[in-house]
Every structure is written in C-alpha cells, then in structure tokens.
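So this one's target-v5.cif, mmCIF, C-alpha atoms:
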```
data_target
loop_
_atom_site.group_PDB
_atom_site.id
_atom_site.type_symbol
_atom_site.label_atom_id
_atom_site.label_comp_id
_atom_site.auth_asym_id
_atom_site.auth_seq_id
_atom_site.Cartn_x
_atom_site.Cartn_y
_atom_site.Cartn_z
ATOM 1 C CA MET A 70 3.437 -0.153 16.872
ATOM 2 C CA THR A 71 5.175 2.812 15.308
ATOM 3 C CA GLU A 72 4.378 6.382 16.212
ATOM 4 C CA PRO A 73 3.446 8.925 13.521
ATOM 5 C CA ALA A 74 6.260 11.109 12.240
ATOM 6 C CA ASP A 75 6.755 14.393 14.062
ATOM 7 C CA PRO A 76 6.005 17.243 11.592
ATOM 8 C CA THR A 77 8.593 19.476 13.278
ATOM 9 C CA VAL A 78 11.396 17.029 12.507
ATOM 10 C CA GLU A 79 12.785 17.346 8.984
ATOM 11 C CA GLN A 80 12.283 14.158 6.971
ATOM 12 C CA PRO A 81 15.203 12.737 4.976
ATOM 13 C CA HIS A 82 15.417 13.953 1.366
ATOM 14 C CA VAL A 83 14.315 11.455 -1.287
ATOM 15 C CA ASN A 84 16.185 11.511 -4.597
ATOM 16 C CA VAL A 85 13.141 11.429 -6.868
ATOM 17 C CA THR A 86 15.108 11.012 -10.097
ATOM 18 C CA ALA A 87 16.883 7.935 -8.775
ATOM 19 C CA LEU A 88 13.637 6.583 -7.300
ATOM 20 C CA PHE A 89 11.805 7.062 -10.613
ATOM 21 C CA ALA A 90 14.638 5.429 -12.559
ATOM 22 C CA GLU A 91 14.689 2.439 -10.218
ATOM 23 C CA ALA A 92 10.900 2.032 -10.164
ATOM 24 C CA ALA A 93 10.532 2.441 -13.943
ATOM 25 C CA GLY A 94 13.439 0.079 -14.551
ATOM 26 C CA LYS A 95 12.011 -2.671 -12.340
ATOM 27 C CA SER A 96 8.348 -2.435 -13.274
ATOM 28 C CA GLY A 97 7.246 -3.079 -16.837
ATOM 29 C CA LEU A 98 3.926 -1.288 -16.303
ATOM 30 C CA LEU A 99 3.086 2.328 -15.611
ATOM 31 C CA TRP A 100 -0.003 4.481 -16.024
ATOM 32 C CA VAL A 101 -0.180 7.334 -18.522
ATOM 33 C CA ASP A 102 -2.737 9.846 -17.260
ATOM 34 C CA VAL A 103 -4.064 11.767 -20.261
ATOM 35 C CA PRO A 104 -5.633 15.151 -19.368
ATOM 36 C CA GLY A 105 -9.369 15.117 -20.036
ATOM 37 C CA ASP A 106 -9.396 11.328 -20.469
ATOM 38 C CA ARG A 107 -8.308 8.634 -18.021
ATOM 39 C CA ALA A 108 -5.154 6.888 -16.904
ATOM 40 C CA TRP A 109 -4.114 4.198 -19.399
ATOM 41 C CA PRO A 110 -1.919 1.232 -18.425
ATOM 42 C CA ALA A 111 1.163 1.033 -20.604
ATOM 43 C CA TRP A 112 3.912 -1.524 -21.068
ATOM 44 C CA HIS A 113 7.188 0.342 -21.343
ATOM 45 C CA VAL A 114 10.957 0.225 -21.100
ATOM 46 C CA TRP A 115 13.233 2.639 -19.275
ATOM 47 C CA ALA A 116 16.422 3.586 -21.122
ATOM 48 C CA ASP A 117 18.521 6.719 -21.481
ATOM 49 C CA ASP A 118 16.513 8.514 -18.717
ATOM 50 C CA THR A 119 13.397 8.174 -20.875
ATOM 51 C CA VAL A 120 10.280 6.005 -20.857
ATOM 52 C CA PHE A 121 9.707 4.403 -24.272
ATOM 53 C CA ILE A 122 6.317 2.971 -25.263
ATOM 54 C CA VAL A 123 4.914 1.566 -28.491
ATOM 55 C CA SER A 124 1.242 1.427 -29.499
ATOM 56 C CA GLY A 125 -0.731 0.506 -32.566
ATOM 57 C CA PRO A 126 -1.907 -2.605 -34.439
ATOM 58 C CA GLY A 127 -0.597 -5.734 -32.750
ATOM 59 C CA GLU A 128 0.607 -3.691 -29.781
ATOM 60 C CA GLN A 129 -1.037 -2.018 -26.807
ATOM 61 C CA THR A 130 -3.910 0.396 -27.270
ATOM 62 C CA LEU A 131 -3.239 3.990 -26.265
ATOM 63 C CA PRO A 132 -5.083 7.142 -27.280
ATOM 64 C CA TRP A 133 -3.498 10.147 -28.937
ATOM 65 C CA LEU A 134 -1.164 11.708 -26.354
ATOM 66 C CA PRO A 135 -0.777 15.472 -25.949
ATOM 67 C CA ASP A 136 2.619 17.144 -25.478
ATOM 68 C CA GLU A 137 2.426 16.692 -21.693
ATOM 69 C CA VAL A 138 0.975 13.878 -19.592
ATOM 70 C CA THR A 139 1.260 12.595 -16.050
ATOM 71 C CA LEU A 140 3.040 9.305 -15.373
ATOM 72 C CA ILE A 141 2.095 7.134 -12.407
ATOM 73 C CA VAL A 142 4.788 4.619 -11.535
ATOM 74 C CA ARG A 143 3.837 1.666 -9.398
ATOM 75 C CA SER A 144 5.853 -0.154 -6.787
ATOM 76 C CA LYS A 145 7.067 -3.538 -7.992
ATOM 77 C CA ASP A 146 6.582 -4.956 -4.472
ATOM 78 C CA THR A 147 3.092 -3.734 -3.593
ATOM 79 C CA GLY A 148 1.645 -2.741 -6.973
ATOM 80 C CA GLY A 149 0.506 0.574 -5.445
ATOM 81 C CA ARG A 150 1.421 3.988 -6.779
ATOM 82 C CA LEU A 151 4.915 5.071 -5.887
ATOM 83 C CA LEU A 152 5.499 8.278 -7.848
ATOM 84 C CA THR A 153 3.409 10.630 -9.928
ATOM 85 C CA VAL A 154 5.337 12.989 -12.212
ATOM 86 C CA HIS A 155 4.821 15.235 -15.217
ATOM 87 C CA ALA A 156 6.341 14.083 -18.515
ATOM 88 C CA THR A 157 6.803 15.483 -21.990
ATOM 89 C CA VAL A 158 5.696 13.315 -24.908
ATOM 90 C CA ARG A 159 7.434 13.053 -28.262
ATOM 91 C CA ALA A 160 6.614 10.684 -31.104
ATOM 92 C CA LEU A 161 9.705 9.131 -32.654
ATOM 93 C CA SER A 162 10.136 8.484 -36.352
ATOM 94 C CA PRO A 163 12.667 6.097 -37.937
ATOM 95 C CA ASP A 164 14.966 9.003 -38.852
ATOM 96 C CA ASP A 165 14.982 10.330 -35.249
ATOM 97 C CA PRO A 166 18.321 9.943 -33.387
ATOM 98 C CA GLN A 167 16.520 8.198 -30.467
ATOM 99 C CA TRP A 168 14.703 5.705 -32.719
ATOM 100 C CA GLU A 169 17.391 3.029 -32.571
ATOM 101 C CA THR A 170 17.834 3.328 -28.790
ATOM 102 C CA ALA A 171 14.062 3.138 -28.260
ATOM 103 C CA THR A 172 13.359 0.263 -30.629
ATOM 104 C CA GLU A 173 16.299 -1.852 -29.444
ATOM 105 C CA ALA A 174 15.204 -1.423 -25.816
ATOM 106 C CA LEU A 175 11.562 -2.165 -26.679
ATOM 107 C CA LYS A 176 12.479 -5.134 -28.879
ATOM 108 C CA GLY A 177 14.560 -6.659 -26.085
ATOM 109 C CA SER A 178 11.620 -6.519 -23.669
ATOM 110 C CA ARG A 179 8.861 -7.456 -26.125
ATOM 111 C CA LEU A 180 7.370 -10.873 -25.466
ATOM 112 C CA ASN A 181 6.541 -13.030 -28.498
ATOM 113 C CA ALA A 182 8.383 -10.690 -30.853
ATOM 114 C CA THR A 183 8.107 -11.431 -34.567
ATOM 115 C CA ASP A 184 10.844 -11.035 -37.166
ATOM 116 C CA ASP A 185 9.160 -8.059 -38.834
ATOM 117 C CA LEU A 186 8.776 -6.144 -35.561
ATOM 118 C CA LEU A 187 10.899 -3.104 -36.424
ATOM 119 C CA THR A 188 9.385 -2.811 -39.906
ATOM 120 C CA ARG A 189 5.867 -2.985 -38.486
ATOM 121 C CA TRP A 190 6.690 -0.405 -35.787
ATOM 122 C CA SER A 191 8.076 2.016 -38.365
ATOM 123 C CA THR A 192 5.072 1.719 -40.724
ATOM 124 C CA GLU A 193 2.007 0.935 -38.575
ATOM 125 C CA CYS A 194 2.752 1.822 -34.953
ATOM 126 C CA THR A 195 3.740 4.837 -32.883
ATOM 127 C CA VAL A 196 6.878 4.775 -30.749
ATOM 128 C CA ARG A 197 6.903 7.516 -28.120
ATOM 129 C CA ALA A 198 9.504 8.953 -25.769
ATOM 130 C CA LEU A 199 8.137 10.221 -22.455
ATOM 131 C CA ARG A 200 10.616 12.243 -20.444
ATOM 132 C CA PRO A 201 9.785 12.955 -16.769
ATOM 133 C CA TYR A 202 10.505 16.436 -15.437
ATOM 134 C CA GLY A 203 9.932 18.733 -12.474
ATOM 135 C CA THR A 204 8.880 18.129 -8.919
ATOM 136 C CA PRO A 205 6.748 15.012 -8.412
ATOM 137 C CA LEU A 206 3.052 15.441 -7.749
ATOM 138 C CA GLU A 207 3.165 12.439 -5.414
ATOM 139 C CA ALA A 208 6.153 10.755 -3.783
ATOM 140 C CA PRO A 209 6.815 8.606 -0.713
ATOM 141 C CA GLY A 210 5.500 10.458 2.320
ATOM 142 C CA HIS A 211 3.462 12.902 0.211
ATOM 143 C CA TYR A 212 0.405 11.144 -1.210
ATOM 144 C CA ARG A 213 -3.111 12.484 -1.746
ATOM 145 C CA ASP A 214 -5.769 11.366 0.710
ATOM 146 C CA THR A 215 -8.006 10.053 -2.084
ATOM 147 C CA SER A 216 -7.625 6.505 -3.373
ATOM 148 C CA GLY A 217 -7.041 7.467 -6.995
ATOM 149 C CA ALA A 218 -9.499 4.782 -8.111
ATOM 150 C CA ALA A 219 -11.258 5.504 -11.380
ATOM 151 C CA PRO A 220 -14.620 4.250 -12.645
ATOM 152 C CA VAL A 221 -14.503 1.230 -14.905
ATOM 153 C CA PRO A 222 -14.351 2.391 -18.541
ATOM 154 C CA PRO A 223 -17.393 1.507 -20.656
ATOM 155 C CA SER A 224 -17.191 -1.774 -22.519
ATOM 156 C CA GLU A 225 -19.444 -4.219 -24.332
ATOM 157 C CA ALA A 226 -17.780 -7.064 -22.414
ATOM 158 C CA THR A 227 -20.247 -7.338 -19.549
ATOM 159 C CA THR A 228 -22.380 -9.938 -17.805
ATOM 160 C CA THR A 229 -24.720 -7.671 -15.866
ATOM 161 C CA GLY A 230 -27.813 -8.684 -17.854
ATOM 162 C CA TRP A 231 -28.726 -12.173 -18.990
ATOM 163 C CA ARG A 232 -27.695 -15.161 -16.881
ATOM 164 C CA PRO A 233 -27.248 -18.533 -18.602
ATOM 165 C CA TRP A 234 -29.777 -21.365 -18.249
ATOM 166 C CA HIS A 235 -28.823 -24.241 -15.930
ATOM 167 C CA LEU A 236 -30.181 -27.798 -16.191
ATOM 168 C CA GLY A 237 -32.359 -28.323 -13.125
ATOM 169 C CA GLY A 238 -32.220 -24.639 -12.254
ATOM 170 C CA ARG A 239 -29.730 -22.904 -10.028
ATOM 171 C CA PRO A 240 -28.942 -24.629 -6.733
ATOM 172 C CA LEU A 241 -30.631 -23.140 -3.671
ATOM 173 C CA ARG A 242 -27.502 -23.639 -1.589
ATOM 174 C CA ARG A 243 -23.876 -23.771 -2.470
ATOM 175 C CA ARG A 244 -22.036 -27.017 -1.898
ATOM 176 C CA GLY A 245 -20.029 -27.261 1.270
ATOM 177 C CA THR A 246 -22.103 -24.692 3.177
ATOM 178 C CA ARG A 247 -24.535 -27.131 4.860
ATOM 179 C CA LEU A 248 -24.340 -27.595 8.579
ATOM 180 C CA PRO A 249 -23.986 -31.184 9.870
ATOM 181 C CA ASP A 250 -27.602 -31.206 11.198
ATOM 182 C CA ASP A 251 -29.107 -30.146 7.825
ATOM 183 C CA ARG A 252 -29.353 -33.724 6.496
ATOM 184 C CA GLY A 253 -31.556 -34.914 9.300
ATOM 185 C CA GLY A 254 -29.034 -37.418 10.628
ATOM 186 C CA ALA A 255 -26.148 -37.268 13.038
ATOM 187 C CA GLY A 256 -23.239 -35.518 11.424
#
```
Just give me the structure as structure tokens.
Amino acid sequence: MTEPADPTVEQPHVNVTALFAEAAGKSGLLWVDVPGDRAWPAWHVWADDTVFIVSGPGEQTLPWLPDEVTLIVRSKDTGGRLLTVHATVRALSPDDPQWETATEALKGSRLNATDDLLTRWSTECTVRALRPYGTPLEAPGHYRDTSGAAPVPPSEATTTGWRPWHLGGRPLRRRGTRLPDDRGGAG
C-alpha cells in the first residue's frame, strides 16, 4: 500500500506540452468541450503541434466551434481523462498554407477512405486546426474532484417505453438461476 504524497515535498515537474503531444499522437479520440454546449467526441490526428479534425457530410458530426474551446485528451491505456487544455480553433480552407499538412495527415488516418476524399472535404466538409495553449486546466496529479460525467444527450433512439411482445410471455425466471432443489428432485 502506498502512502499519500506529502504536500510539503515538491512534486516532479511534468512537461505538459510533451505529454499532450504523446497522448494526442497515440489516441485517435479526444473530447472537444464547446462552451455553453457539451463535450463532443472527435476523431483527430496530431501533426505539426496541432490537432486536426474534419466534420461534415460523411464524416463525424460536430457543432459550430467558437474561436476557443477546451480539449480533453484521454489516456490510451485507461481511457480516462489525462489532460484538459485550452485551444484556439481555426477553420482551414483549401488555399490555407496548413491545408495540405492537415488533409494529408487526416487522409492517412481515415478508415475506409474514398478516392474523392480531398475533393469532398474541400467542398462539403470543414477541416479545423485546434492549437493547444497555456497552462492545463487538469493534468496528472491535479484533477478536479468531480467525475466529469455529463448527462446523456437527448435522442430519439431509446427503448424506455414499449417492450416487444414475446410468445408465451416473458419468463418468470432467467435460465441458469434455479437452485438444484427447485425442480423437486435431487440435484
């Protein structure tokens, strides 16, 4: 059993930039926390010290993003939050100098990519560059006490109402839960 850390002893410094780069590079999923909305899961790539994401028809669904958001990077090992940082958001257009870097990185990581991918991204989708900055809001050793869990977003995909009809009705007991003496004979 380990003892809790002594608050009087200085903890080793964590290089947050390197930790963010490693976590974002290893994990293909992060959460984009939009102020006034909720945190949205986003498939991304990490290249050139920037997070690149694409959304639109045939891609992931993301809302309009303001100029600044919060990024929550998860641990590849545990799936839990590892870092929470502020990030600036910039939409990229095909004539932007970062467009080629972003689209090549995204195209290389895109599963089931079609031949017209870059054309579709330039005409129908939004490619964004999210650049982390500043001191992290959460980092190893400095997490909030709350869980960070959010309520389930509203959806029409639910089964809380009607239950389907079963021939002969629903069983009173589940299979495999009977005790040996329940059948009346020696078990």
(request) Rank nothing, just name the residue among A:Leu98, A:Leu180, A:Ala116, A:Ala208 nearest to Leu151 (chain A), using only C-alpha atoms. (result)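 Looking only at the distances to Leu151 (chain A), the closest residue turns out to be A:Ala208.
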(request) Choose the residue, out of A:Arg189, A:Leu152, A:Ser124, A:Val114, that has the smallest atom-to-atom separation from Gly177 (chain A); count only C-alpha atoms. (result)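 Smallest distance to Gly177 (chain A) is found for A:Val114.
Going from CA of Gly210 (chain A) to CA of Gly149 (chain A) covers 13.5 Å.
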(request) Name the residues in contact with Asp106 (chain A) at a cut-off of 12 Å, using all atoms listed in the file, excluding same-chain residues fewer than 5 positions from it; report them as a list in words. (result)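 Listed by chain and then number, they are Val101, Leu131, Pro132, Trp133, Leu134, Pro135, Val138, Thr139, Ala219, Pro220 and Pro222 of chain A.
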(request) To verify the selection step, state as number ranges by chain which residues the PyMOL selection byres ((chain A and resi 155) around 10) yields on this input. (result) A: 101-102, 137-141, 153-154, 156-158, 199-206
(request) Please measure the separation of CA of Thr192 (chain A) and CA of Asp165 (chain A), giving the value in Å to one decimal. (result)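 These atoms are spaced 14.2 Å apart.
Picture a line from CA of Arg179 (chain A) to CA of Glu193 (chain A); it runs 16.5 Å.
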Can you give me N, CA and C atoms for region 95-118 of chain A, written as a short mmCIF file (atom, residue, chain, number, x, y, z; two decimals), in the frame of the given file?
```cif
data_model
loop_
_atom_site.label_atom_id
_atom_site.label_comp_id
_atom_site.auth_asym_id
_atom_site.auth_seq_id
_atom_site.Cartn_x
_atom_site.Cartn_y
_atom_site.Cartn_z
N LYS A 95 12.42 -1.38 -12.89
CA LYS A 95 12.01 -2.67 -12.34
C LYS A 95 10.61 -3.09 -12.77
N SER A 96 9.73 -2.13 -12.94
CA SER A 96 8.35 -2.44 -13.27
C SER A 96 8.11 -2.23 -14.76
N GLY A 97 7.51 -3.19 -15.41
CA GLY A 97 7.25 -3.08 -16.84
C GLY A 97 5.93 -2.39 -17.14
N LEU A 98 5.22 -1.92 -16.11
CA LEU A 98 3.93 -1.29 -16.30
C LEU A 98 3.90 0.05 -15.58
N LEU A 99 3.37 1.05 -16.25
CA LEU A 99 3.09 2.33 -15.61
C LEU A 99 1.77 2.82 -16.16
N TRP A 100 1.27 3.91 -15.60
CA TRP A 100 0.00 4.48 -16.02
C TRP A 100 0.26 5.83 -16.65
N VAL A 101 -0.30 6.05 -17.83
CA VAL A 101 -0.18 7.33 -18.52
C VAL A 101 -1.52 8.04 -18.34
N ASP A 102 -1.52 9.10 -17.54
CA ASP A 102 -2.74 9.85 -17.26
C ASP A 102 -2.87 10.97 -18.28
N VAL A 103 -3.84 10.81 -19.18
CA VAL A 103 -4.06 11.77 -20.26
C VAL A 103 -5.05 12.82 -19.77
N PRO A 104 -4.71 14.11 -19.82
CA PRO A 104 -5.63 15.15 -19.37
C PRO A 104 -6.95 15.10 -20.15
N GLY A 105 -8.06 15.16 -19.41
CA GLY A 105 -9.37 15.12 -20.04
C GLY A 105 -9.84 13.72 -20.39
N ASP A 106 -9.02 12.71 -20.17
CA ASP A 106 -9.40 11.33 -20.47
C ASP A 106 -9.28 10.53 -19.18
N ARG A 107 -8.52 9.47 -19.19
CA ARG A 107 -8.31 8.63 -18.02
C ARG A 107 -6.86 8.17 -18.01
N ALA A 108 -6.50 7.46 -16.98
CA ALA A 108 -5.15 6.89 -16.90
C ALA A 108 -5.16 5.56 -17.66
N TRP A 109 -4.22 5.40 -18.57
CA TRP A 109 -4.11 4.20 -19.40
C TRP A 109 -2.92 3.38 -18.94
N PRO A 110 -3.08 2.07 -18.75
CA PRO A 110 -1.92 1.23 -18.42
C PRO A 110 -1.04 1.09 -19.66
N ALA A 111 0.26 1.12 -19.46
CA ALA A 111 1.16 1.03 -20.60
C ALA A 111 2.38 0.19 -20.26
N TRP A 112 2.67 -0.77 -21.14
CA TRP A 112 3.91 -1.52 -21.07
C TRP A 112 5.00 -0.60 -21.60
N HIS A 113 6.15 -0.60 -20.96
CA HIS A 113 7.19 0.34 -21.34
C HIS A 113 8.57 -0.23 -21.06
N VAL A 114 9.58 0.48 -21.50
CA VAL A 114 10.96 0.22 -21.10
C VAL A 114 11.57 1.55 -20.66
N TRP A 115 12.52 1.47 -19.77
CA TRP A 115 13.23 2.64 -19.27
C TRP A 115 14.65 2.55 -19.80
N ALA A 116 15.06 3.54 -20.59
CA ALA A 116 16.42 3.59 -21.12
C ALA A 116 16.79 5.04 -21.40
N ASP A 117 18.02 5.38 -21.16
CA ASP A 117 18.52 6.72 -21.48
C ASP A 117 17.70 7.81 -20.79
N ASP A 118 17.32 7.58 -19.51
CA ASP A 118 16.51 8.51 -18.72
C ASP A 118 15.19 8.88 -19.38
#
```
